[in-house]
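Student: What follows is input_7.txt; its format and atoms are compact mmCIF, C-alpha atoms.
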# COMPACT_ATOMS: atom_id res chain seq x y z
CA MET Q 355 9.75 42.00 5.87
CA SER Q 356 12.45 41.21 8.43
CA GLY Q 357 15.64 39.49 7.40
CA GLU Q 358 14.99 36.56 9.73
CA PHE Q 359 11.54 35.95 8.29
CA ALA Q 360 12.86 36.20 4.73
CA LEU Q 361 15.60 33.70 5.57
CA LEU Q 362 12.98 31.32 7.01
CA LEU Q 363 10.91 31.58 3.83
CA VAL Q 364 13.94 30.79 1.70
CA PHE Q 365 14.86 27.81 3.88
CA MET Q 366 11.32 26.40 3.82
CA SER Q 367 11.10 26.86 0.06
CA PHE Q 368 14.30 24.94 -0.60
CA LEU Q 369 13.23 22.22 1.86
CA LEU Q 370 9.86 21.80 0.15
CA PHE Q 371 11.56 21.82 -3.25
CA ALA Q 372 13.86 19.00 -2.12
CA ILE Q 373 10.96 16.95 -0.73
CA ALA Q 374 8.88 17.36 -3.89
CA SER Q 375 11.84 16.60 -6.17
CA ALA Q 376 12.76 13.42 -4.29
CA THR Q 377 9.16 12.24 -4.35
CA LEU Q 378 8.94 12.86 -8.09
CA TRP Q 379 12.21 11.05 -8.81
CA TRP Q 380 11.23 7.97 -6.83
CA MET Q 381 7.70 7.97 -8.19
CA LEU Q 382 9.06 7.58 -11.75
CA HIS Q 383 11.61 4.86 -10.95
CA ALA Q 384 10.00 2.13 -13.06
CA TRP Q 385 9.90 4.27 -16.20
CA ARG Q 386 13.56 5.34 -16.29
CA ASP Q 387 14.57 2.77 -18.89
CA PRO Q 388 13.20 -0.42 -20.50
CA ALA Q 389 15.38 -2.70 -18.37
CA THR Q 390 14.01 -1.22 -15.15
CA MET Q 391 10.46 -1.65 -16.40
CA VAL Q 392 11.05 -5.32 -17.26
CA ALA Q 393 12.62 -5.91 -13.85
CA THR Q 394 9.44 -4.82 -12.09
CA GLY Q 395 7.53 -7.89 -13.31
CA PHE Q 396 7.38 -11.38 -11.86
CA ALA Q 397 10.43 -13.59 -12.31
CA ARG Q 398 10.05 -16.29 -14.93
CA ASP Q 399 11.04 -19.93 -14.49
CA ASP Q 400 13.33 -21.31 -17.16
CA ALA Q 401 13.37 -24.81 -15.70
CA GLY Q 402 10.12 -25.87 -17.34
CA PRO Q 403 6.85 -27.06 -15.80
CA ALA Q 404 8.29 -30.12 -14.00
CA TYR Q 405 8.60 -29.05 -10.35
CA THR Q 406 7.20 -29.74 -6.91
CA ALA Q 407 4.79 -26.95 -6.07
CA LEU Q 408 5.15 -25.02 -2.87
CA SER Q 409 2.16 -25.15 -0.55
CA PHE Q 410 0.36 -21.97 0.56
CA SER Q 411 -1.59 -20.93 3.64
CA LEU Q 412 -3.69 -17.88 2.78
CA ILE Q 413 -4.76 -15.86 5.82
CA VAL Q 414 -7.81 -13.61 5.51
CA PRO Q 415 -8.42 -11.46 8.62
CA ALA Q 416 -12.06 -10.32 8.59
CA ARG Q 417 -13.77 -7.99 11.02
CA HIS Q 418 -17.27 -6.65 10.28
CA GLU Q 419 -16.79 -7.70 6.64
CA GLU Q 420 -20.01 -9.67 6.08
CA ALA Q 421 -20.82 -7.53 3.02
CA VAL Q 422 -17.74 -8.54 1.02
CA LEU Q 423 -16.17 -11.61 2.64
CA GLU Q 424 -18.12 -14.43 0.99
CA GLU Q 425 -17.28 -13.41 -2.57
CA THR Q 426 -13.62 -13.03 -1.66
CA LEU Q 427 -13.47 -16.50 -0.12
CA GLU Q 428 -15.25 -17.98 -3.13
CA GLN Q 429 -12.58 -16.53 -5.42
CA LEU Q 430 -9.75 -17.76 -3.21
CA CYS Q 431 -11.23 -21.28 -3.17
CA HIS Q 432 -11.09 -21.35 -6.99
CA ILE Q 433 -7.46 -20.31 -7.34
CA ASP Q 434 -5.53 -22.38 -9.87
CA HIS Q 435 -2.92 -24.09 -7.68
CA PRO Q 436 -2.57 -27.67 -6.42
CA ALA Q 437 -1.63 -26.99 -2.80
CA PHE Q 438 -3.21 -24.26 -0.73
CA GLU Q 439 -5.54 -23.65 2.20
CA VAL Q 440 -7.56 -20.61 3.28
CA ILE Q 441 -7.60 -19.57 6.93
CA VAL Q 442 -10.24 -17.00 7.86
CA VAL Q 443 -9.73 -15.12 11.14
CA VAL Q 444 -12.87 -13.72 12.73
CA GLY Q 445 -13.46 -11.99 16.04
CA ASP Q 446 -15.33 -13.67 18.90
CA ASP Q 447 -17.50 -10.54 19.08
CA ASP Q 448 -18.43 -10.47 15.38
CA PRO Q 449 -21.26 -12.99 14.81
CA ASP Q 450 -22.30 -11.69 11.37
CA THR Q 451 -18.84 -12.11 9.80
CA THR Q 452 -18.39 -15.41 11.61
CA ALA Q 453 -21.64 -16.72 10.12
CA VAL Q 454 -20.43 -15.90 6.61
CA ALA Q 455 -17.06 -17.56 7.24
CA ARG Q 456 -18.65 -20.68 8.72
CA ARG Q 457 -20.99 -20.96 5.75
CA VAL Q 458 -18.05 -21.01 3.34
CA GLU Q 459 -16.16 -23.42 5.61
CA ASP Q 460 -19.08 -25.85 5.50
CA ARG Q 461 -19.21 -25.55 1.72
CA TYR Q 462 -15.52 -26.25 1.07
CA GLY Q 463 -14.56 -28.67 3.82
CA ASP Q 464 -10.84 -28.93 4.56
CA LEU Q 465 -9.94 -26.18 2.08
CA VAL Q 466 -11.26 -23.41 4.36
CA ARG Q 467 -10.76 -23.20 8.12
CA VAL Q 468 -12.15 -20.58 10.45
CA VAL Q 469 -10.03 -19.39 13.37
CA VAL Q 470 -11.55 -17.27 16.15
CA ASP Q 471 -9.54 -14.38 17.56
CA ASP Q 472 -10.37 -13.64 21.21
CA SER Q 473 -7.72 -10.95 21.75
CA VAL Q 474 -8.62 -7.63 23.38
CA PRO Q 475 -8.45 -5.00 21.99
CA LYS Q 476 -8.69 -6.39 18.49
CA ASN Q 477 -6.59 -5.36 15.49
CA LYS Q 478 -5.18 -6.85 12.32
CA PRO Q 479 -1.71 -7.91 13.56
CA LYS Q 480 -3.25 -9.77 16.50
CA ALA Q 481 -5.61 -11.55 14.12
CA LEU Q 482 -2.69 -12.56 11.89
CA ASN Q 483 -0.68 -13.83 14.85
CA THR Q 484 -3.70 -15.86 15.96
CA ALA Q 485 -3.78 -17.58 12.56
CA LEU Q 486 -0.05 -18.29 12.16
CA PRO Q 487 0.06 -21.43 14.37
CA TYR Q 488 -2.69 -22.97 12.21
CA CYS Q 489 -0.76 -22.51 8.94
CA ARG Q 490 0.54 -25.70 7.35
CA GLY Q 491 1.86 -24.38 4.04
CA ASP Q 492 5.44 -23.59 3.04
CA ILE Q 493 4.35 -20.04 2.23
CA VAL Q 494 2.04 -17.77 4.21
CA GLY Q 495 0.04 -15.30 2.11
CA ILE Q 496 -2.03 -12.39 3.41
CA PHE Q 497 -5.23 -11.11 1.80
CA ASP Q 498 -7.87 -8.64 2.95
CA ALA Q 499 -11.54 -9.53 3.22
CA GLU Q 500 -12.56 -7.44 0.19
CA ASP Q 501 -9.81 -8.56 -2.20
CA GLU Q 502 -10.34 -9.58 -5.82
CA VAL Q 503 -7.58 -12.13 -6.43
CA HIS Q 504 -6.54 -13.37 -9.86
CA PRO Q 505 -6.93 -17.17 -10.20
CA ARG Q 506 -3.36 -17.61 -11.55
CA LEU Q 507 -1.63 -15.54 -8.89
CA LEU Q 508 -0.33 -18.41 -6.75
CA ARG Q 509 1.14 -20.15 -9.79
CA VAL Q 510 3.18 -17.05 -10.61
CA VAL Q 511 4.19 -16.42 -7.00
CA ASP Q 512 5.26 -20.06 -6.69
CA THR Q 513 7.49 -19.60 -9.73
CA ALA Q 514 8.87 -16.33 -8.36
CA PHE Q 515 9.94 -17.98 -5.09
CA ARG Q 516 11.76 -20.76 -6.87
CA SER Q 517 13.36 -18.52 -9.50
CA THR Q 518 14.63 -15.84 -7.14
CA GLN Q 519 15.16 -17.92 -3.98
CA SER Q 520 13.41 -15.10 -2.15
CA ASP Q 521 12.21 -15.19 1.44
CA VAL Q 522 9.35 -12.79 0.71
CA VAL Q 523 7.45 -11.91 -2.47
CA GLN Q 524 5.37 -8.73 -2.50
CA GLY Q 525 2.75 -8.69 -5.24
CA GLY Q 526 0.83 -5.72 -6.60
CA VAL Q 527 -2.33 -4.22 -5.12
CA GLN Q 528 -4.49 -1.83 -7.11
CA LEU Q 529 -7.53 0.26 -6.25
CA VAL Q 530 -9.85 0.10 -9.26
CA ASP Q 531 -13.09 2.04 -8.68
CA PHE Q 532 -11.53 5.24 -9.97
CA ARG Q 533 -14.84 6.98 -10.67
CA SER Q 534 -16.61 6.30 -7.36
CA HIS Q 535 -15.78 9.60 -5.63
CA TRP Q 536 -14.10 12.92 -6.38
CA TYR Q 537 -10.87 11.62 -4.81
CA SER Q 538 -10.98 8.07 -6.21
CA ALA Q 539 -8.86 8.68 -9.32
CA ARG Q 540 -6.09 10.24 -7.25
CA ASN Q 541 -6.33 7.42 -4.72
CA CYS Q 542 -6.02 4.83 -7.51
CA LEU Q 543 -3.01 6.65 -8.98
CA GLU Q 544 -1.29 6.64 -5.60
CA TYR Q 545 -1.48 2.86 -5.48
CA PHE Q 546 -0.46 2.65 -9.14
CA PHE Q 547 2.75 4.63 -8.67
CA TRP Q 548 3.54 3.00 -5.31
CA PHE Q 549 3.23 -0.65 -6.37
CA ARG Q 550 4.18 -0.13 -10.02
CA SER Q 551 7.26 1.95 -9.31
CA ARG Q 552 8.18 3.19 -5.83
CA LEU Q 553 8.34 -0.20 -4.08
CA HIS Q 554 10.76 -1.45 -6.73
CA LEU Q 555 13.14 1.35 -5.82
CA HIS Q 556 12.93 0.18 -2.21
CA GLU Q 557 13.69 -3.35 -3.36
CA ARG Q 558 16.78 -2.15 -5.21
CA HIS Q 559 18.07 -0.48 -2.04
CA GLY Q 560 17.22 -3.36 0.29
CA PHE Q 561 14.69 -1.52 2.44
CA ILE Q 562 11.05 -2.44 1.87
CA PRO Q 563 8.03 -1.40 3.95
CA LEU Q 564 5.78 -4.30 2.95
CA GLY Q 565 2.19 -3.88 1.85
CA GLY Q 566 -0.67 -5.16 3.99
CA ASN Q 567 -1.81 -7.86 1.59
CA THR Q 568 -0.74 -9.87 -1.47
CA VAL Q 569 2.46 -10.41 0.45
CA PHE Q 570 3.87 -13.94 0.69
CA LEU Q 571 6.41 -15.06 3.28
CA ARG Q 572 8.15 -18.34 3.95
CA ARG Q 573 6.44 -19.75 7.02
CA SER Q 574 9.75 -20.66 8.65
CA LEU Q 575 10.89 -17.03 8.30
CA ILE Q 576 7.82 -15.35 9.80
CA THR Q 577 7.71 -17.94 12.58
CA SER Q 578 11.34 -17.34 13.52
CA ALA Q 579 10.72 -13.58 13.34
CA GLY Q 580 8.00 -13.88 15.98
CA GLY Q 581 5.12 -12.87 13.71
CA TYR Q 582 3.70 -9.36 13.60
CA ASP Q 583 4.08 -6.57 16.13
CA PRO Q 584 0.65 -6.70 17.86
CA ASN Q 585 0.75 -3.03 18.85
CA CYS Q 586 1.81 -1.44 15.56
CA LEU Q 587 -0.77 0.35 13.41
CA ALA Q 588 1.32 -0.39 10.31
CA GLU Q 589 2.17 -4.01 11.05
CA ASP Q 590 3.04 -4.65 7.39
CA CYS Q 591 5.57 -1.82 7.28
CA GLU Q 592 7.07 -2.86 10.63
CA LEU Q 593 7.57 -6.45 9.52
CA GLY Q 594 9.12 -5.35 6.22
CA VAL Q 595 11.57 -3.05 8.03
CA ARG Q 596 12.43 -5.78 10.55
CA LEU Q 597 13.04 -8.37 7.84
CA SER Q 598 15.10 -5.87 5.82
CA THR Q 599 17.40 -5.30 8.79
CA GLU Q 600 17.80 -9.06 9.16
CA GLY Q 601 18.92 -9.42 5.55
CA ALA Q 602 15.86 -11.26 4.24
CA ARG Q 603 15.65 -11.44 0.47
CA ILE Q 604 12.48 -9.58 -0.51
CA SER Q 605 11.24 -9.45 -4.11
CA VAL Q 606 8.65 -6.99 -5.40
CA ALA Q 607 6.67 -7.81 -8.54
CA TYR Q 608 3.90 -5.99 -10.39
CA ASP Q 609 1.87 -7.46 -13.21
CA PRO Q 610 -1.22 -5.37 -14.11
CA HIS Q 611 -3.15 -8.51 -15.03
CA LEU Q 612 -2.38 -10.24 -11.73
CA VAL Q 613 -2.81 -7.44 -9.22
CA THR Q 614 -5.13 -7.83 -6.27
CA ARG Q 615 -8.00 -5.40 -6.74
CA GLU Q 616 -9.46 -3.32 -3.95
CA GLU Q 617 -11.81 -0.39 -3.46
CA THR Q 618 -11.17 3.20 -2.46
CA PRO Q 619 -12.47 4.32 0.96
CA PRO Q 620 -16.22 5.03 0.77
CA ASN Q 621 -16.05 8.61 2.10
CA VAL Q 622 -13.63 11.35 3.14
CA ARG Q 623 -13.97 10.54 6.83
CA THR Q 624 -12.90 6.94 6.25
CA LEU Q 625 -10.05 8.05 3.98
CA VAL Q 626 -8.72 10.38 6.67
CA LYS Q 627 -8.93 7.65 9.31
CA GLN Q 628 -7.14 5.19 7.02
CA ARG Q 629 -4.30 7.60 6.27
CA THR Q 630 -4.08 8.60 9.93
CA ARG Q 631 -3.58 4.96 10.88
CA TRP Q 632 -0.93 4.42 8.24
CA ASN Q 633 0.92 7.60 9.16
CA GLN Q 634 0.78 6.84 12.85
CA GLY Q 635 2.09 3.35 12.17
CA PHE Q 636 5.02 4.79 10.23
CA LEU Q 637 5.76 7.09 13.16
CA GLN Q 638 5.71 4.11 15.50
CA VAL Q 639 8.22 2.26 13.32
CA LEU Q 640 10.39 5.38 13.05
CA ARG Q 641 10.41 5.77 16.83
CA LYS Q 642 11.02 2.06 17.37
CA GLY Q 643 14.35 2.53 15.59
CA ILE Q 644 14.89 -0.97 14.18
CA TRP Q 645 15.77 0.68 10.85
CA ARG Q 646 19.02 1.90 12.44
CA SER Q 647 20.30 -1.69 12.14
CA LEU Q 648 20.31 -1.49 8.35
CA PRO Q 649 23.92 -2.09 7.23
CA MET Q 650 24.31 0.73 4.69
CA ARG Q 651 24.07 4.48 5.24
CA ARG Q 652 22.01 4.89 2.06
CA GLN Q 653 19.47 2.37 3.37
CA ARG Q 654 19.20 4.19 6.69
CA MET Q 655 18.68 7.52 4.94
CA LEU Q 656 15.95 6.04 2.75
CA ALA Q 657 14.33 4.47 5.81
CA ARG Q 658 14.42 7.71 7.76
CA TYR Q 659 12.92 9.65 4.86
CA THR Q 660 10.19 7.07 4.18
CA LEU Q 661 9.14 6.62 7.79
CA ALA Q 662 9.15 10.38 8.35
CA GLN Q 663 6.56 10.94 5.62
CA PRO Q 664 3.90 12.02 8.15
CA PHE Q 665 6.18 14.84 9.30
CA LEU Q 666 6.99 15.81 5.72
CA GLN Q 667 3.36 15.73 4.56
CA GLY Q 668 2.30 17.78 7.54
CA ILE Q 669 5.07 20.33 6.97
CA ALA Q 670 4.28 20.60 3.26
CA GLY Q 671 0.55 20.96 3.84
CA VAL Q 672 1.04 23.81 6.29
CA ALA Q 673 4.14 25.49 4.90
CA ILE Q 674 3.28 25.79 1.19
CA PRO Q 675 0.18 27.99 1.55
CA ILE Q 676 1.80 29.98 4.37
CA SER Q 677 4.92 30.65 2.29
CA ILE Q 678 2.93 31.82 -0.71
CA VAL Q 679 0.59 34.03 1.34
CA ALA Q 680 3.49 35.48 3.32
CA ALA Q 681 5.48 36.29 0.19
CA VAL Q 682 2.54 38.21 -1.25
CA ALA Q 683 1.11 39.78 1.91
CA PHE Q 684 4.40 41.02 3.32
CA ARG Q 685 5.70 42.27 -0.01
CA ALA Q 686 8.81 40.14 -0.12
CA PRO Q 687 11.61 41.17 -2.45
CA VAL Q 688 11.21 39.83 -5.96
CA GLY Q 689 14.04 37.31 -5.57
CA ILE Q 690 12.62 35.84 -2.37
CA ALA Q 691 9.08 35.81 -3.80
CA LEU Q 692 10.32 33.80 -6.77
CA ILE Q 693 12.13 31.36 -4.47
CA THR Q 694 8.90 30.74 -2.54
CA PHE Q 695 7.36 29.44 -5.77
CA LEU Q 696 10.30 27.04 -6.31
CA PRO Q 697 8.45 24.00 -4.86
CA ALA Q 698 5.77 24.54 -7.49
CA ILE Q 699 8.16 23.35 -10.24
CA PRO Q 700 8.42 19.66 -9.19
CA THR Q 701 4.82 19.77 -7.95
CA ILE Q 702 3.52 20.84 -11.36
CA ALA Q 703 5.74 18.24 -13.01
CA MET Q 704 4.34 15.62 -10.63
CA VAL Q 705 0.76 16.49 -11.54
CA ALA Q 706 1.66 16.35 -15.23
CA PHE Q 707 3.13 12.87 -14.80
CA GLU Q 708 0.06 11.81 -12.84
CA VAL Q 709 -2.12 12.84 -15.79
CA VAL Q 710 0.09 10.73 -18.05
CA GLY Q 711 -0.07 7.99 -15.42
CA LEU Q 712 -3.86 8.04 -15.57
CA ARG Q 713 -3.70 7.33 -19.28
CA GLU Q 714 -1.26 4.46 -18.70
CA PHE Q 715 -3.38 3.15 -15.83
CA CYS Q 716 -6.48 3.11 -18.04
CA ARG Q 717 -4.60 1.48 -20.91
CA LEU Q 718 -3.40 -1.35 -18.69
CA TYR Q 719 -6.87 -1.96 -17.30
CA TYR Q 720 -8.84 -1.81 -20.54
CA VAL Q 721 -10.82 1.36 -19.97
CA ARG Q 722 -10.98 4.54 -22.02
CA PRO Q 723 -10.29 7.70 -19.97
CA THR Q 724 -12.61 10.65 -20.53
CA ARG Q 725 -11.92 14.37 -20.34
CA LEU Q 726 -13.83 14.43 -17.09
CA ASP Q 727 -11.38 11.90 -15.62
CA TYR Q 728 -8.44 14.16 -16.42
CA VAL Q 729 -10.27 17.24 -15.12
CA ARG Q 730 -11.13 15.41 -11.90
CA VAL Q 731 -7.46 14.51 -11.31
CA LEU Q 732 -6.33 18.10 -11.91
CA LEU Q 733 -9.02 19.85 -9.89
CA SER Q 734 -8.88 17.45 -6.95
CA THR Q 735 -5.13 17.88 -6.45
CA PRO Q 736 -5.16 20.75 -3.89
CA ALA Q 737 -8.01 19.32 -1.80
CA TYR Q 738 -6.57 15.81 -1.85
CA HIS Q 739 -3.14 16.93 -0.69
CA LEU Q 740 -4.74 19.00 2.05
CA LEU Q 741 -6.54 15.85 3.19
CA LEU Q 742 -3.23 13.98 3.27
CA ALA Q 743 -1.61 16.80 5.22
CA PHE Q 744 -4.51 16.90 7.68
CA SER Q 745 -4.28 13.12 8.13
CA ALA Q 746 -0.55 13.40 8.80
CA CYS Q 747 -1.09 16.12 11.38
CA ARG Q 748 -3.88 14.09 12.98
CA ALA Q 749 -1.52 11.10 13.19
CA LEU Q 750 1.08 13.24 14.96
CA VAL Q 751 -1.47 14.47 17.48
CA ARG Q 752 -2.82 10.96 18.14
CA GLU Q 753 0.69 9.57 18.63
CA ILE Q 754 1.66 12.37 21.01
CA ARG Q 755 -1.52 11.80 23.02
CA GLY Q 756 -0.99 8.04 23.05
CA HIS Q 757 -4.22 7.25 21.16
CA ARG Q 758 -3.36 4.06 19.30
CA GLY Q 759 -6.74 2.45 18.76
CA TRP Q 760 -7.29 0.70 15.41
CA GLU Q 761 -9.51 2.79 13.12
CA LYS Q 762 -10.77 0.20 10.68
CA THR Q 763 -11.52 0.98 7.02
CA ALA Q 764 -15.08 0.03 6.04
CA HIS Q 765 -15.73 -1.78 2.74
CA SER Q 766 -18.83 -1.85 0.58
CA GLY Q 767 -17.69 -3.75 -2.52
CA ALA Q 768 -17.47 -0.69 -4.80
CA HIS Q 769 -14.60 -2.35 -6.69
CA ARG Q 770 -17.10 -4.96 -7.84
CA GLY Q 771 -19.63 -2.43 -9.09
CA PRO Q 772 -20.12 -0.38 -12.28
CA SER Q 773 -17.51 2.24 -11.28
CA ALA Q 774 -14.76 -0.38 -11.16
CA LEU Q 775 -12.48 -1.56 -13.95
CA MET Q 776 -12.88 -4.80 -15.82
CA THR Q 777 -12.92 -8.15 -14.02
CA ALA Q 778 -10.40 -10.90 -14.57
CA ALA Q 779 -12.91 -12.72 -16.79
CA ASP Q 780 -13.35 -9.57 -18.88
CA GLU Q 781 -9.58 -9.31 -19.25
CA ARG Q 782 -9.35 -12.76 -20.77
CA VAL Q 783 -12.07 -11.87 -23.26
CA ALA Q 784 -10.33 -8.58 -24.13
CA ALA Q 785 -7.04 -10.37 -24.61
Translate the structure of the given file into structure tokens.
Tutor:
Amino acid sequence: MSGEFALLLVFMSFLLFAIASATLWWMLHAWRDPATMVATGFARDDAGPAYTALSFSLIVPARHEEAVLEETLEQLCHIDHPAFEVIVVVGDDDPDTTAVARRVEDRYGDLVRVVVDDSVPKNKPKALNTALPYCRGDIVGIFDAEDEVHPRLLRVVDTAFRSTQSDVVQGGVQLVDFRSHWYSARNCLEYFFWFRSRLHLHERHGFIPLGGNTVFLRRSLITSAGGYDPNCLAEDCELGVRLSTEGARISVAYDPHLVTREETPPNVRTLVKQRTRWNQGFLQVLRKGIWRSLPMRRQRMLARYTLAQPFLQGIAGVAIPISIVAAVAFRAPVGIALITFLPAIPTIAMVAFEVVGLREFCRLYYVRPTRLDYVRVLLSTPAYHLLLAFSACRALVREIRGHRGWEKTAHSGAHRGPSALMTAADERVAA
């Protein structure tokens, strides 16, 4: 083995070790101490129940969602709050979804309004921008067409706005059908660690790539900000970065009983397309460079690292197997061979914490994990991370080629089926 090649292996090994270690550290942010864990919940109001409620405009963009939309709108219409409206955005070329939305609009009168998006080509940020002028509430909330929303959520978000004087409140989102597919448990754990822990670290540092739904913004703020970037494939991330640079006060809160429940992608192809879109959107925001306006160097470093995740995932997915194979095939010196296995230390630790996380996830959502659940998480790890790496590489290729079409995630309602966790009604019975 040449000295140059050995030096490259050592460099790549230390780089991968650093990436894996940082990911592990941030992933466990919420569990560092009891005070941090308490701080991740919704703010409580000590002023008592006598207050004037904020009003909410809840936007639901829906495109080819006739299979799941009606039940979502029914739940939203029964939310426990005195002042809210539901605005459904449908495409002018989507008669099936429009028919469902109109049916609910006829049923609930002024509570539900349907807005038609005639933009071309269509995507989610354009649909949201179409709805913004129709919003009358103090707060604009975003939900997806398949969401399961807790009936008390707006009450708690209302309290959080008044208690923290925040401009934006990001609530929790959780995938729940963790037994639907071989990758579902890992997919659910990703959301669990991201919304339960990682986003709170971003809040602490003042740089938050917002989630796509269960996010609530003061209408005056999003109006003055000019709405969403209509050409960004991660419009939620872009808006969060933009508002962070402008000094907006953004609060992140996670309550396992109040999370918005969603389903995992129905197949591998859809999962890859979803992750490609997210990764490509992050690359767009990275290239756009608005994060450079963040006031602190630590914030800019965190932003650069977060938005560069597609590069890092792609590098890790390609470099780890190559490094291991090269160390064995080319008979590297013992010291160098050992260094090539260095990234395995935080990676193994990460998998161990994910197994513990599965137990915590199941405890919070009133389900008993089985041995098969643990085995599925362990055995699916290599294939799942290869899928993420492939998606990241695909995003890079698409961005280089200028292919920025919106690859929509299909929904079937699996989070409402037998493979999902307990419903909100079941929770109240269990409690």
Student: Between Q:Leu575, Q:Ala539, Q:Ile562, Q:Ile693, single out the one closest to Phe368 in chain Q, counting all atoms listed in the file.
Tutor: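 Ranking Q:Leu575, Q:Ala539, Q:Ile562, Q:Ile693 by distance to Phe368 in chain Q, first place goes to Q:Ile693.
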Student: Between CA of Met650 in chain Q and CA of Ser517 in chain Q, measure the distance and give it in Å to one decimal.
Tutor: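 Interatomic distance, CA of Met650 in chain Q to CA of Ser517 in chain Q: 26.3 Å.
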Student: Between Q:Ser647, Q:Gln638, Q:Asn621, Q:Ser766, which has the minimum distance to Ile754 in chain Q (counting all atoms listed in the file)?
Tutor: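 Looking at the shortest contact to Ile754 in chain Q, the residue is Q:Gln638.
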Student: Write out as a ChimeraX atom specification each polymer residue whose atoms come within 9 Å of Phe547 in chain Q, counting all atoms listed in the file; drop sequence neighbours fewer than 4 positions from it.
Tutor: /Q:381-382,384,542-543,551-553,708,711
Student: Which residues, written as a PyMOL selection string, have at least one atom at most 12 Å from Arg654 in chain Q, with all atoms listed in the file counted and residues fewer than 2 positions away on the same chain left out?
Tutor: chain Q and resi 556+559-562+595+598-599+640+643-652+656-662
Student: Rank nothing, just name the residue among Q:His418, Q:Arg730, Q:Arg748, Q:Arg596 nearest to Val444 in chain Q, using all atoms listed in the file.
Tutor: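 Nearest to Val444 in chain Q: Q:His418.
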Student: Write out as a Markdown table a residue-level contact list of range 617-673 of chain Q versus range 526-535 of chain Q with cut-off 10 Å: for each qualifying residue the closest pair of atoms and the distance in Å to one decimal, counting only C-alpha atoms, rows sorted by chain and residue number upward.
Tutor:
| residue | atom | partner | partner_atom | distance |
| --- | --- | --- | --- | --- |
| Q:Glu617 | CA | Q:Leu529 | CA | 5.2 |
| Q:Thr618 | CA | Q:Leu529 | CA | 6.0 |
| Q:Pro619 | CA | Q:His535 | CA | 9.1 |
| Q:Pro620 | CA | Q:His535 | CA | 7.9 |
| Q:Asn621 | CA | Q:His535 | CA | 7.8 |
| Q:Val622 | CA | Q:His535 | CA | 9.2 |
Student: Do a neighbour search on Leu507 in chain Q at 8 Å with only C-alpha atoms, toss out local chain neighbours closer than 2 positions, and write the hits as a ChimeraX atom specification.
Tutor: /Q:433-434,503-505,509-511,612
Student: Please, which residues are within 10 Å of (-17.4, -12.2, 1.6) by the file's coordinates, counting only C-alpha atoms, and could they come as a PDB file with C-alpha atoms, in the frame of the given file?
Tutor:
ATOM      1  CA  ALA Q 416     -12.060 -10.320   8.590  1.00  0.00           C
ATOM      2  CA  GLU Q 419     -16.790  -7.700   6.640  1.00  0.00           C
ATOM      3  CA  GLU Q 420     -20.010  -9.670   6.080  1.00  0.00           C
ATOM      4  CA  ALA Q 421     -20.820  -7.530   3.020  1.00  0.00           C
ATOM      5  CA  VAL Q 422     -17.740  -8.540   1.020  1.00  0.00           C
ATOM      6  CA  LEU Q 423     -16.170 -11.610   2.640  1.00  0.00           C
ATOM      7  CA  GLU Q 424     -18.120 -14.430   0.990  1.00  0.00           C
ATOM      8  CA  GLU Q 425     -17.280 -13.410  -2.570  1.00  0.00           C
ATOM      9  CA  THR Q 426     -13.620 -13.030  -1.660  1.00  0.00           C
ATOM     10  CA  LEU Q 427     -13.470 -16.500  -0.120  1.00  0.00           C
ATOM     11  CA  GLU Q 428     -15.250 -17.980  -3.130  1.00  0.00           C
ATOM     12  CA  GLN Q 429     -12.580 -16.530  -5.420  1.00  0.00           C
ATOM     13  CA  THR Q 451     -18.840 -12.110   9.800  1.00  0.00           C
ATOM     14  CA  VAL Q 454     -20.430 -15.900   6.610  1.00  0.00           C
ATOM     15  CA  ALA Q 455     -17.060 -17.560   7.240  1.00  0.00           C
ATOM     16  CA  VAL Q 458     -18.050 -21.010   3.340  1.00  0.00           C
ATOM     17  CA  ALA Q 499     -11.540  -9.530   3.220  1.00  0.00           C
ATOM     18  CA  GLU Q 500     -12.560  -7.440   0.190  1.00  0.00           C
ATOM     19  CA  ASP Q 501      -9.810  -8.560  -2.200  1.00  0.00           C
ATOM     20  CA  GLY Q 767     -17.690  -3.750  -2.520  1.00  0.00           C
TER      21      GLY Q 767
END
Student: Regenerate range 559-565 of chain Q at the level of N, CA and C atoms and dump it as a compact mmCIF listing (two decimals), in the coordinates of the input.
Tutor:
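rebuild25.txt, freshly written:
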# COMPACT_ATOMS: atom_id res chain seq x y z
N HIS Q 559 17.22 -0.97 -3.12
CA HIS Q 559 18.07 -0.48 -2.04
C HIS Q 559 18.01 -1.35 -0.79
N GLY Q 560 17.23 -2.43 -0.83
CA GLY Q 560 17.22 -3.36 0.29
C GLY Q 560 16.48 -2.89 1.52
N PHE Q 561 15.54 -1.97 1.34
CA PHE Q 561 14.69 -1.52 2.44
C PHE Q 561 13.26 -1.44 1.93
N ILE Q 562 12.40 -2.35 2.44
CA ILE Q 562 11.05 -2.44 1.87
C ILE Q 562 10.01 -2.42 2.99
N PRO Q 563 9.20 -1.37 3.07
CA PRO Q 563 8.03 -1.40 3.95
C PRO Q 563 6.92 -2.19 3.24
N LEU Q 564 6.70 -3.41 3.66
CA LEU Q 564 5.78 -4.30 2.95
C LEU Q 564 4.36 -3.77 2.93
N GLY Q 565 3.59 -4.21 1.93
CA GLY Q 565 2.19 -3.88 1.85
C GLY Q 565 1.38 -4.80 2.77
